[in-house]
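J.: Contents of query.pdb (PDB, C-alpha atoms and all ligand atoms) are given next:
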ATOM      1  CA  MET R 297      -3.896  -5.643 -23.291  1.00  0.00           C
ATOM      2  CA  ASN R 298      -3.528  -2.458 -25.290  1.00  0.00           C
ATOM      3  CA  PRO R 299      -3.299   0.964 -23.576  1.00  0.00           C
ATOM      4  CA  ALA R 300      -6.880   1.909 -24.457  1.00  0.00           C
ATOM      5  CA  GLU R 301      -8.262  -1.212 -22.755  1.00  0.00           C
ATOM      6  CA  SER R 302      -5.959  -0.616 -19.819  1.00  0.00           C
ATOM      7  CA  SER R 303      -7.242   2.906 -19.244  1.00  0.00           C
ATOM      8  CA  ASN R 304     -10.876   1.890 -19.814  1.00  0.00           C
ATOM      9  CA  ARG R 305     -10.861  -0.670 -17.040  1.00  0.00           C
ATOM     10  CA  SER R 306      -9.620   1.914 -14.540  1.00  0.00           C
ATOM     11  CA  VAL R 307     -12.080   4.614 -15.494  1.00  0.00           C
ATOM     12  CA  ASN R 308     -14.493   3.918 -12.631  1.00  0.00           C
ATOM     13  CA  TRP R 309     -11.947   3.771  -9.816  1.00  0.00           C
ATOM     14  CA  PRO R 310     -10.042   6.483  -7.948  1.00  0.00           C
ATOM     15  CA  GLN R 311      -6.628   6.996  -9.589  1.00  0.00           C
ATOM     16  CA  ALA R 312      -3.487   7.486  -7.481  1.00  0.00           C
ATOM     17  CA  THR R 313      -2.102  11.021  -7.443  1.00  0.00           C
ATOM     18  CA  PRO R 314       1.115  12.297  -5.803  1.00  0.00           C
ATOM     19  CA  ILE R 315       1.012  12.750  -2.008  1.00  0.00           C
ATOM     20  CA  VAL R 316       3.469  14.846   0.020  1.00  0.00           C
ATOM     21  CA  THR R 317       3.947  14.529   3.808  1.00  0.00           C
ATOM     22  CA  ASP R 318       6.326  16.282   6.206  1.00  0.00           C
ATOM     23  CA  ARG R 319       9.147  13.882   5.356  1.00  0.00           C
ATOM     24  CA  LEU R 320       7.957  11.777   2.462  1.00  0.00           C
ATOM     25  CA  GLN R 321       6.847  11.856  -1.145  1.00  0.00           C
ATOM     26  CA  LEU R 322       4.431   9.205  -2.384  1.00  0.00           C
ATOM     27  CA  GLU R 323       4.602   8.728  -6.150  1.00  0.00           C
ATOM     28  CA  PRO R 324       1.987   6.796  -8.126  1.00  0.00           C
ATOM     29  CA  LEU R 325       3.618   3.521  -9.165  1.00  0.00           C
ATOM     30  CA  ALA R 326       5.092   3.229 -12.670  1.00  0.00           C
ATOM     31  CA  VAL R 327       7.034   0.474 -14.443  1.00  0.00           C
ATOM     32  CA  HIS R 328      10.270   2.496 -14.290  1.00  0.00           C
ATOM     33  CA  HIS R 329      10.241   2.168 -10.472  1.00  0.00           C
ATOM     34  CA  ALA R 330      11.120  -1.539 -10.836  1.00  0.00           C
ATOM     35  CA  SER R 331      14.866  -0.968 -11.160  1.00  0.00           C
ATOM     36  CA  GLU R 332      15.264   0.915  -7.857  1.00  0.00           C
ATOM     37  CA  MET R 333      12.697  -1.220  -6.003  1.00  0.00           C
ATOM     38  CA  VAL R 334      14.719  -4.396  -6.621  1.00  0.00           C
ATOM     39  CA  GLU R 335      17.238  -3.093  -4.089  1.00  0.00           C
ATOM     40  CA  THR R 336      14.607  -1.710  -1.677  1.00  0.00           C
ATOM     41  CA  LEU R 337      12.796  -5.061  -1.598  1.00  0.00           C
ATOM     42  CA  SER R 338      15.884  -7.277  -1.608  1.00  0.00           C
ATOM     43  CA  SER R 339      16.112  -8.334   2.059  1.00  0.00           C
ATOM     44  CA  PRO R 340      14.576 -11.748   2.863  1.00  0.00           C
ATOM     45  CA  ASP R 341      13.582 -10.286   6.257  1.00  0.00           C
ATOM     46  CA  LEU R 342      10.777  -8.331   4.566  1.00  0.00           C
ATOM     47  CA  TYR R 343       8.915 -11.538   3.779  1.00  0.00           C
ATOM     48  CA  THR R 344       8.898 -13.160   7.225  1.00  0.00           C
ATOM     49  CA  HIS R 345       5.250 -12.274   7.884  1.00  0.00           C
ATOM     50  CA  ILE R 346       3.882 -11.539   4.416  1.00  0.00           C
ATOM     51  CA  GLY R 347       5.247 -14.493   2.468  1.00  0.00           C
ATOM     52  CA  GLY R 348       6.974 -14.441  -0.891  1.00  0.00           C
ATOM     53  CA  THR R 349      10.601 -13.794  -1.743  1.00  0.00           C
ATOM     54  CA  SER R 350      12.721 -10.925  -3.006  1.00  0.00           C
ATOM     55  CA  PRO R 351      11.538 -10.113  -6.543  1.00  0.00           C
ATOM     56  CA  SER R 352      13.813  -9.822  -9.576  1.00  0.00           C
ATOM     57  CA  ARG R 353      13.755  -6.726 -11.782  1.00  0.00           C
ATOM     58  CA  SER R 354      11.825  -8.509 -14.530  1.00  0.00           C
ATOM     59  CA  GLU R 355       9.267  -9.823 -12.021  1.00  0.00           C
ATOM     60  CA  LEU R 356       8.762  -6.310 -10.682  1.00  0.00           C
ATOM     61  CA  GLU R 357       8.449  -4.873 -14.188  1.00  0.00           C
ATOM     62  CA  ARG R 358       5.694  -7.359 -14.996  1.00  0.00           C
ATOM     63  CA  LEU R 359       3.944  -6.720 -11.662  1.00  0.00           C
ATOM     64  CA  TYR R 360       4.213  -2.947 -11.952  1.00  0.00           C
ATOM     65  CA  ALA R 361       2.899  -3.011 -15.528  1.00  0.00           C
ATOM     66  CA  LEU R 362      -0.212  -4.755 -14.184  1.00  0.00           C
ATOM     67  CA  GLN R 363      -0.580  -2.695 -11.016  1.00  0.00           C
ATOM     68  CA  SER R 364      -0.013   0.698 -12.629  1.00  0.00           C
ATOM     69  CA  ALA R 365      -3.031   0.093 -14.883  1.00  0.00           C
ATOM     70  CA  GLY R 366      -5.053   1.205 -11.845  1.00  0.00           C
ATOM     71  CA  ALA R 367      -7.538  -1.675 -11.780  1.00  0.00           C
ATOM     72  CA  SER R 368      -7.683  -5.459 -11.795  1.00  0.00           C
ATOM     73  CA  PRO R 369      -7.840  -7.100 -15.244  1.00  0.00           C
ATOM     74  CA  THR R 370     -11.539  -7.886 -14.704  1.00  0.00           C
ATOM     75  CA  GLY R 371     -12.218  -4.308 -13.640  1.00  0.00           C
ATOM     76  CA  ASP R 372     -13.855  -5.376 -10.377  1.00  0.00           C
ATOM     77  CA  ALA R 373     -11.273  -3.658  -8.141  1.00  0.00           C
ATOM     78  CA  GLY R 374      -9.221  -0.492  -8.262  1.00  0.00           C
ATOM     79  CA  TRP R 375      -5.498  -0.812  -7.662  1.00  0.00           C
ATOM     80  CA  LEU R 376      -3.728   2.115  -6.029  1.00  0.00           C
ATOM     81  CA  ASN R 377       0.005   1.918  -5.472  1.00  0.00           C
ATOM     82  CA  TRP R 378       2.548   4.493  -4.349  1.00  0.00           C
ATOM     83  CA  ILE R 379       6.338   4.351  -4.153  1.00  0.00           C
ATOM     84  CA  VAL R 380       7.619   6.129  -1.024  1.00  0.00           C
ATOM     85  CA  ARG R 381      10.806   8.229  -0.957  1.00  0.00           C
ATOM     86  CA  GLU R 382      12.238  11.067   1.143  1.00  0.00           C
ATOM     87  CA  THR R 383      13.154  13.489  -1.643  1.00  0.00           C
ATOM     88  CA  ALA R 384      12.833  13.495  -5.409  1.00  0.00           C
ATOM     89  CA  GLU R 385      16.556  12.663  -5.581  1.00  0.00           C
ATOM     90  CA  SER R 386      16.681   9.883  -2.972  1.00  0.00           C
ATOM     91  CA  ALA R 387      16.094   6.180  -3.498  1.00  0.00           C
ATOM     92  CA  ALA R 388      12.712   4.672  -2.681  1.00  0.00           C
ATOM     93  CA  VAL R 389      12.305   3.540   0.933  1.00  0.00           C
ATOM     94  CA  GLY R 390       9.254   1.375   0.257  1.00  0.00           C
ATOM     95  CA  TYR R 391       5.679   1.365  -0.976  1.00  0.00           C
ATOM     96  CA  VAL R 392       2.075   1.531   0.171  1.00  0.00           C
ATOM     97  CA  GLN R 393      -0.921   0.107  -1.636  1.00  0.00           C
ATOM     98  CA  ALA R 394      -4.702  -0.092  -1.553  1.00  0.00           C
ATOM     99  CA  THR R 395      -7.122  -2.389  -3.361  1.00  0.00           C
ATOM    100  CA  VAL R 396     -10.441  -0.603  -3.670  1.00  0.00           C
ATOM    101  CA  THR R 397     -13.854  -2.215  -4.053  1.00  0.00           C
ATOM    102  CA  ARG R 398     -17.430  -0.971  -3.748  1.00  0.00           C
ATOM    103  CA  ALA R 399     -18.798  -0.610  -0.212  1.00  0.00           C
ATOM    104  CA  GLU R 400     -22.345   0.043   0.941  1.00  0.00           C
ATOM    105  CA  THR R 401     -21.433   3.719   0.918  1.00  0.00           C
ATOM    106  CA  GLY R 402     -18.462   4.745  -1.182  1.00  0.00           C
ATOM    107  CA  TYR R 403     -15.524   2.341  -1.317  1.00  0.00           C
ATOM    108  CA  GLN R 404     -13.708  -0.198   0.835  1.00  0.00           C
ATOM    109  CA  ALA R 405      -9.894  -0.279   0.699  1.00  0.00           C
ATOM    110  CA  ASP R 406      -7.651  -3.217   1.598  1.00  0.00           C
ATOM    111  CA  ILE R 407      -4.345  -1.597   2.467  1.00  0.00           C
ATOM    112  CA  ALA R 408      -0.735  -2.707   2.973  1.00  0.00           C
ATOM    113  CA  TRP R 409       2.699  -1.181   3.529  1.00  0.00           C
ATOM    114  CA  VAL R 410       6.323  -2.239   3.091  1.00  0.00           C
ATOM    115  CA  ILE R 411       9.433  -0.289   4.129  1.00  0.00           C
ATOM    116  CA  GLY R 412      12.917  -1.542   3.194  1.00  0.00           C
ATOM    117  CA  VAL R 413      15.001  -2.837   6.090  1.00  0.00           C
ATOM    118  CA  ASP R 414      17.574  -0.023   5.858  1.00  0.00           C
ATOM    119  CA  SER R 415      14.809   2.576   6.341  1.00  0.00           C
ATOM    120  CA  GLN R 416      12.742   0.922   9.069  1.00  0.00           C
ATOM    121  CA  GLY R 417      12.295   2.226  12.607  1.00  0.00           C
ATOM    122  CA  GLN R 418      12.066   5.899  11.638  1.00  0.00           C
ATOM    123  CA  GLY R 419       8.297   6.201  11.480  1.00  0.00           C
ATOM    124  CA  PHE R 420       8.215   6.054   7.671  1.00  0.00           C
ATOM    125  CA  GLY R 421       5.747   3.156   7.602  1.00  0.00           C
ATOM    126  CA  THR R 422       3.313   4.987   9.854  1.00  0.00           C
ATOM    127  CA  GLU R 423       3.730   8.317   8.037  1.00  0.00           C
ATOM    128  CA  ALA R 424       3.240   6.845   4.569  1.00  0.00           C
ATOM    129  CA  ALA R 425       0.291   4.671   5.600  1.00  0.00           C
ATOM    130  CA  ARG R 426      -1.385   7.593   7.367  1.00  0.00           C
ATOM    131  CA  ALA R 427      -0.976   9.775   4.272  1.00  0.00           C
ATOM    132  CA  MET R 428      -2.496   7.044   2.108  1.00  0.00           C
ATOM    133  CA  VAL R 429      -5.457   6.594   4.466  1.00  0.00           C
ATOM    134  CA  ASP R 430      -6.066  10.355   4.508  1.00  0.00           C
ATOM    135  CA  TRP R 431      -5.970  10.361   0.699  1.00  0.00           C
ATOM    136  CA  LEU R 432      -8.400   7.422   0.576  1.00  0.00           C
ATOM    137  CA  ALA R 433     -10.804   9.205   2.948  1.00  0.00           C
ATOM    138  CA  ASP R 434     -10.724  12.187   0.588  1.00  0.00           C
ATOM    139  CA  HIS R 435     -11.660   9.844  -2.270  1.00  0.00           C
ATOM    140  CA  LEU R 436     -14.842   8.366  -0.811  1.00  0.00           C
ATOM    141  CA  VAL R 437     -13.275   5.381   0.945  1.00  0.00           C
ATOM    142  CA  THR R 438     -15.433   4.677   4.013  1.00  0.00           C
ATOM    143  CA  VAL R 439     -14.036   1.300   5.114  1.00  0.00           C
ATOM    144  CA  VAL R 440     -10.314   0.571   5.487  1.00  0.00           C
ATOM    145  CA  GLN R 441      -8.949  -2.847   6.355  1.00  0.00           C
ATOM    146  CA  ALA R 442      -5.615  -4.647   6.543  1.00  0.00           C
ATOM    147  CA  ALA R 443      -4.644  -8.308   6.907  1.00  0.00           C
ATOM    148  CA  ILE R 444      -1.825  -8.618   9.453  1.00  0.00           C
ATOM    149  CA  HIS R 445       0.003 -11.724  10.644  1.00  0.00           C
ATOM    150  CA  PRO R 446      -0.446 -12.150  14.430  1.00  0.00           C
ATOM    151  CA  ASP R 447       3.345 -11.995  14.971  1.00  0.00           C
ATOM    152  CA  ASN R 448       3.824  -8.824  12.904  1.00  0.00           C
ATOM    153  CA  ALA R 449       4.092  -6.366  15.799  1.00  0.00           C
ATOM    154  CA  ALA R 450       5.378  -3.399  13.762  1.00  0.00           C
ATOM    155  CA  SER R 451       2.536  -3.702  11.284  1.00  0.00           C
ATOM    156  CA  ALA R 452      -0.019  -4.006  14.083  1.00  0.00           C
ATOM    157  CA  ARG R 453       1.371  -0.794  15.607  1.00  0.00           C
ATOM    158  CA  ILE R 454       0.839   1.002  12.299  1.00  0.00           C
ATOM    159  CA  ALA R 455      -2.724  -0.302  12.172  1.00  0.00           C
ATOM    160  CA  VAL R 456      -3.353   1.007  15.698  1.00  0.00           C
ATOM    161  CA  CYS R 457      -1.921   4.411  14.737  1.00  0.00           C
ATOM    162  CA  LEU R 458      -4.325   4.514  11.784  1.00  0.00           C
ATOM    163  CA  GLY R 459      -7.309   3.818  14.028  1.00  0.00           C
ATOM    164  CA  LEU R 460      -7.872   0.264  12.789  1.00  0.00           C
ATOM    165  CA  GLN R 461      -9.052  -2.363  15.243  1.00  0.00           C
ATOM    166  CA  PRO R 462      -8.475  -6.101  15.108  1.00  0.00           C
ATOM    167  CA  THR R 463     -11.528  -8.194  14.266  1.00  0.00           C
ATOM    168  CA  ASP R 464     -12.116 -11.889  14.915  1.00  0.00           C
ATOM    169  CA  GLU R 465     -11.879 -12.528  11.173  1.00  0.00           C
ATOM    170  CA  ILE R 466      -8.900 -14.578  10.008  1.00  0.00           C
ATOM    171  CA  ASP R 467      -7.861 -14.773   6.347  1.00  0.00           C
ATOM    172  CA  ASP R 468      -5.101 -17.237   5.476  1.00  0.00           C
ATOM    173  CA  GLY R 469      -3.634 -16.986   8.986  1.00  0.00           C
ATOM    174  CA  GLU R 470      -3.796 -13.186   9.070  1.00  0.00           C
ATOM    175  CA  VAL R 471      -6.031 -11.113  11.345  1.00  0.00           C
ATOM    176  CA  ILE R 472      -8.315  -8.633   9.604  1.00  0.00           C
ATOM    177  CA  TRP R 473      -8.025  -5.145  11.085  1.00  0.00           C
ATOM    178  CA  ARG R 474     -10.695  -2.603  10.144  1.00  0.00           C
ATOM    179  CA  ALA R 475     -11.843   0.974  10.554  1.00  0.00           C
ATOM    180  CA  GLU R 476     -15.257   2.018   9.321  1.00  0.00           C
ATOM    181  CA  ALA R 477     -14.187   5.654   9.204  1.00  0.00           C
ATOM    182  CA  ARG R 478     -11.079   7.557  10.169  1.00  0.00           C
ATOM    183  CA  THR R 479     -11.656   9.586  13.309  1.00  0.00           C
ATOM    184  CA  GLU R 480      -8.244  10.342  14.840  1.00  0.00           C
ATOM    185  CA  GLU R 481      -6.088  13.328  13.849  1.00  0.00           C
TER     186      GLU R 481
HETATM  187  C1  LIG W 501       5.776  -3.135   9.001  1.00  0.00           C
HETATM  188  C2  LIG W 501       6.751  -2.119   8.425  1.00  0.00           C
HETATM  189  C3  LIG W 501       6.148  -1.446   7.186  1.00  0.00           C
HETATM  190  C4  LIG W 501       7.055  -1.056   9.489  1.00  0.00           C
HETATM  191  O1  LIG W 501       7.827  -0.035   8.878  1.00  0.00           O
HETATM  192  P1  LIG W 501       8.584   1.067   9.745  1.00  0.00           P
HETATM  193  O2  LIG W 501       8.898   2.213   8.857  1.00  0.00           O
HETATM  194  O3  LIG W 501       9.711   0.443  10.474  1.00  0.00           O
HETATM  195  O4  LIG W 501       7.445   1.465  10.778  1.00  0.00           O
HETATM  196  P2  LIG W 501       7.500   2.651  11.824  1.00  0.00           P
HETATM  197  O5  LIG W 501       8.895   3.126  11.991  1.00  0.00           O
HETATM  198  O6  LIG W 501       6.456   3.632  11.426  1.00  0.00           O
HETATM  199  O7  LIG W 501       7.078   1.916  13.163  1.00  0.00           O
HETATM  200  C5  LIG W 501       5.766   1.519  13.367  1.00  0.00           C
HETATM  201  C6  LIG W 501       5.624   1.043  14.806  1.00  0.00           C
HETATM  202  O8  LIG W 501       6.147  -0.280  14.908  1.00  0.00           O
HETATM  203  C7  LIG W 501       7.071  -0.339  15.968  1.00  0.00           C
HETATM  204  N1  LIG W 501       8.064  -1.322  15.568  1.00  0.00           N
HETATM  205  C8  LIG W 501       8.980  -1.213  14.588  1.00  0.00           C
HETATM  206  N2  LIG W 501       9.668  -2.358  14.480  1.00  0.00           N
HETATM  207  C9  LIG W 501       9.156  -3.188  15.414  1.00  0.00           C
HETATM  208  C10 LIG W 501       9.424  -4.518  15.810  1.00  0.00           C
HETATM  209  N3  LIG W 501      10.370  -5.230  15.189  1.00  0.00           N
HETATM  210  N4  LIG W 501       8.698  -5.054  16.795  1.00  0.00           N
HETATM  211  C11 LIG W 501       7.741  -4.350  17.408  1.00  0.00           C
HETATM  212  N5  LIG W 501       7.406  -3.093  17.073  1.00  0.00           N
HETATM  213  C12 LIG W 501       8.122  -2.527  16.089  1.00  0.00           C
HETATM  214  C13 LIG W 501       7.611   1.063  16.070  1.00  0.00           C
HETATM  215  O9  LIG W 501       8.146   1.330  17.341  1.00  0.00           O
HETATM  216  C14 LIG W 501       6.365   1.861  15.837  1.00  0.00           C
HETATM  217  O10 LIG W 501       5.550   1.848  16.983  1.00  0.00           O
HETATM  218  P3  LIG W 501       5.180   3.188  17.762  1.00  0.00           P
HETATM  219  O11 LIG W 501       4.289   3.950  16.818  1.00  0.00           O
HETATM  220  O12 LIG W 501       4.484   2.702  18.970  1.00  0.00           O
HETATM  221  O13 LIG W 501       6.482   3.870  18.031  1.00  0.00           O
HETATM  222  C15 LIG W 501       8.113  -2.800   8.054  1.00  0.00           C
HETATM  223  O14 LIG W 501       8.614  -3.451   9.182  1.00  0.00           O
HETATM  224  C16 LIG W 501       7.970  -3.777   6.919  1.00  0.00           C
HETATM  225  O15 LIG W 501       7.971  -3.390   5.741  1.00  0.00           O
HETATM  226  N6  LIG W 501       7.887  -5.078   7.250  1.00  0.00           N
HETATM  227  C17 LIG W 501       7.835  -6.103   6.227  1.00  0.00           C
HETATM  228  C18 LIG W 501       6.571  -6.020   5.383  1.00  0.00           C
HETATM  229  C19 LIG W 501       5.318  -6.109   6.241  1.00  0.00           C
HETATM  230  O16 LIG W 501       5.233  -6.874   7.172  1.00  0.00           O
HETATM  231  N7  LIG W 501       4.325  -5.317   5.826  1.00  0.00           N
HETATM  232  C20 LIG W 501       3.042  -5.291   6.496  1.00  0.00           C
HETATM  233  C21 LIG W 501       1.981  -5.896   5.631  1.00  0.00           C
HETATM  234  S1  LIG W 501       0.378  -5.610   6.362  1.00  0.00           S
END
Go through the file and emit its structure as C-alpha cells.
T.:
Amino acid sequence: MNPAESSNRSVNWPQATPIVTDRLQLEPLAVHHASEMVETLSSPDLYTHIGGTSPSRSELERLYALQSAGASPTGDAGWLNWIVRETAESAAVGYVQATVTRAETGYQADIAWVIGVDSQGQGFGTEAARAMVDWLADHLVTVVQAAIHPDNAASARIAVCLGLQPTDEIDDGEVIWRAEARTEE
C-alpha cells in the first residue's frame, strides 16, 4: 500500500496525538518504536492471559507499519496506538491501544494495555489507560470496552479504575467489560 492510500483510509477516524500525564508520556506509535519495544515486550510472562509470544524486531516492524497507518486495511476501523514512557529520554515501559468503530452516537473503542514486567506495579498501567480513555472521550468515543481474561486480576483492576463493568458477554474466553460513558474523575 502506498503512503497516499494509507493516509486516505485513516481520514475518517480520530488520529492519535501525544498525551502527557503526571508521570507518563504517550507517543503515537511509529515503526521506529519497534527496536526498543522488543526489549519491553520480551518477557513470556506478559502473554499468560493475552496469548501470543514475545515478538521479534522484524515482526514488530511489520505490525507497527500496519498499526501506525491509523486504520484497518479495509478502513472499517480506526487504529489508535500509543507507546508509553516516563520521559523523552527513557525507554518505553509499554503501550496502550484502542480500536475505534462507529457507535450509535459517536464511536465505540475496544481498548487494551500492556506494561513491561520491569515497570509493573507502579500504577503505570492505570495511569496510561486512564489518559487514553480521557483522550477518547474528548474525541467522541461514547462506548469503551475491553476483553479481559477471568484470571487477569491486574487488568480487571485497571478496568474497574476506568469505570468499566463486567458484562455477561464472553469472547474467546475473555469477559467483555464496558462503560457507556466515563463518569468518574
Ligand atoms: C495488566 C497490566 C497492564 C498492569 O500493569 P501495571 O502497570 O502493573 O498496573 P498498575 O500498577 O496500574 O496496577 C493496576 C492494579 O492491578 C493490581 N495488580 C497489579 N498486579 C497484580 C496482580 N499480579 N494480581 C492482582 N492485582 C494486581 C494493582 O495493585 C492495581 O490495583 P489497585 O488500583 O487496586 O492498586 C500488566 O500486568 C500487563 O501488561 N500484563 C500483561 C498484558 C495484559 O494482560 N494486558 C491486559 C490486556 S486487557
J.: So which residues touch Asp447 of chain R within 10 Å, counting only C-alpha atoms, skipping near sequence neighbours fewer than 4 positions away, as a list in words?
T.: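 Counting only the stated atoms, we get Thr344, His345, Ser451, Ala452 and Glu470 of chain R.
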J.: Could you tell me which of R:Arg319, R:His435, R:Arg381, R:Arg474 comes closest to Ile407 of chain R if we count only C-alpha atoms?
T.: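 For Ile407 of chain R, the nearest of the candidates is R:Arg474.
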J.: Counting all atoms listed in the file, which of R:Ser415, R:Gln441, R:Thr401, R:Gln461 gets nearest to Ser386 of chain R?
T.: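 So, comparing all the options, the nearest one is R:Ser415.
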J.: What does the distance from atom CA of Glu423 of chain R to atom C9 of ligand LIG 501 (chain W) come to in Å, to one decimal?
T.: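 Atom C9 of ligand LIG 501 (chain W) lies at a distance of 14.7 Å from atom CA of Glu423 of chain R.
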J.: Per residue of chain R within 9 Å of ligand LIG 501 (chain W), what are the shortest atom pair and its distance in Å to one decimal, counting all atoms listed in the file, with rows by chain and residue number, as CSV?
T.:
residue,atom,partner,partner_atom,distance
R:Leu337,CA,W:LIG501,O15,8.9
R:Asp341,CA,W:LIG501,C17,7.1
R:Leu342,CA,W:LIG501,C17,4.0
R:Tyr343,CA,W:LIG501,C17,6.1
R:Thr344,CA,W:LIG501,C17,7.2
R:His345,CA,W:LIG501,O16,5.4
R:Ile346,CA,W:LIG501,O16,5.6
R:Gly347,CA,W:LIG501,O16,9.0
R:Val389,CA,W:LIG501,O2,8.7
R:Gly390,CA,W:LIG501,O15,7.4
R:Tyr391,CA,W:LIG501,O15,8.5
R:Val392,CA,W:LIG501,C3,8.6
R:Ile407,CA,W:LIG501,S1,7.3
R:Ala408,CA,W:LIG501,S1,4.6
R:Trp409,CA,W:LIG501,N7,5.0
R:Val410,CA,W:LIG501,O15,3.3
R:Ile411,CA,W:LIG501,O15,3.8
R:Gly412,CA,W:LIG501,O15,5.9
R:Val413,CA,W:LIG501,O15,7.1
R:Ser415,CA,W:LIG501,O2,6.4
R:Gln416,CA,W:LIG501,O3,3.4
R:Gly417,CA,W:LIG501,O5,3.6
R:Gln418,CA,W:LIG501,O5,4.2
R:Gly419,CA,W:LIG501,O6,3.2
R:Phe420,CA,W:LIG501,O2,4.1
R:Gly421,CA,W:LIG501,O2,3.5
R:Thr422,CA,W:LIG501,O6,3.8
R:Glu423,CA,W:LIG501,O6,6.4
R:Ala424,CA,W:LIG501,O6,8.2
R:Ala425,CA,W:LIG501,O6,8.5
R:Ala442,CA,W:LIG501,S1,6.1
R:Ala443,CA,W:LIG501,S1,5.7
R:Ile444,CA,W:LIG501,S1,4.8
R:His445,CA,W:LIG501,S1,7.5
R:Asp447,CA,W:LIG501,N4,9.0
R:Asn448,CA,W:LIG501,O16,6.2
R:Ala449,CA,W:LIG501,C11,4.5
R:Ala450,CA,W:LIG501,O8,3.4
R:Ser451,CA,W:LIG501,C1,4.0
R:Ala452,CA,W:LIG501,O8,7.3
R:Arg453,CA,W:LIG501,C6,4.7
R:Ile454,CA,W:LIG501,C5,5.1
R:Ala455,CA,W:LIG501,S1,8.5
R:Val456,CA,W:LIG501,O11,8.3
R:Cys457,CA,W:LIG501,O11,6.6
